[in-house]
Structures are given as C-alpha cells and as structure tokens.
Amino acid sequence: AAIKDIMTQQIGMSKTDLIRETGKLFGFTRLGDVIEISVIRGLLEARRRGYVDISEDGEKVTVR
C-alpha cells in the first residue's frame, strides 16, 4: 500500500529512490538490509497486483 501511495504521486522513479521513500514513509532514517529486503518484497507484490511495472534491468519503477 505504501508503494502504491508513493507511486501515485510519481510517474516513475529508480528502485533505489523508491526504497528510500518507502522507508521514510514508515519513519526510517537509515535503511539496513532488513528494511531494503522488506520494501523489495512489497515492490514485487505491487507488481503482482498490477500497481507498477519494473524495467527489465530492475532499476526503474513506473506506474501501470
């Protein structure tokens, strides 16, 4: 849901920026491995649900 919220305000962004913005939304100022992995899992779920597309190289996320 957080990724969907962030992406409705953007046309597209890098995966790194999306991870950072999602962490900020939850109040994290530092992103460790656990946070990054959790956000990536959420990103994959957002793609599965049809909210976003991920480029073939995995670095760009766009709104569907």
# chains A, B, ... in the order shown; residues from 1 in each chain; ligands from 1
$ residues_around --residues "Ser14 (chain A)" --least-positions-apart "4" --cutoff "9 Å" --atoms "only C-alpha atoms" --output "PyMOL selection string"
chain A and resi 18-19+58-62
$ select_by_dssp --residues "chain A" --states "helix (DSSP H, G or I)" --output "number ranges by chain"
A: 2-7, 15-25, 33-48
$ atom_distance --atom1 "CA of Arg41 (chain A)" --atom2 "CA of Ile6 (chain A)"
15.6 Å
$ closest_residue --among "A:Val63, A:Tyr51, A:Asp5, A:Thr16" --to "Glu36 (chain A)" --atoms "only C-alpha atoms"
A:Thr16
$ select_by_dssp --residues "region 11-52 of chain A" --states "strand (DSSP E)" --output "PyMOL selection string"
chain A and resi 12-14+52
$ atom_distance --atom1 "CA of Lys4 (chain A)" --atom2 "CA of Gly23 (chain A)"
13.5 Å
$ residues_around --residues "Arg47 (chain A)" --least-positions-apart "6" --cutoff "9 Å" --atoms "only C-alpha atoms" --output "list in words"
Asp53, Ile54 and Arg64 of chain A
$ closest_residue --among "A:Val52, A:Val39, A:Leu44, A:Val34" --to "Gly12 (chain A)" --atoms "only C-alpha atoms"
A:Val52
$ closest_residue --among "A:Ala1, A:Gly32, A:Thr8, A:Glu56" --to "Arg20 (chain A)" --atoms "only C-alpha atoms"
A:Gly32
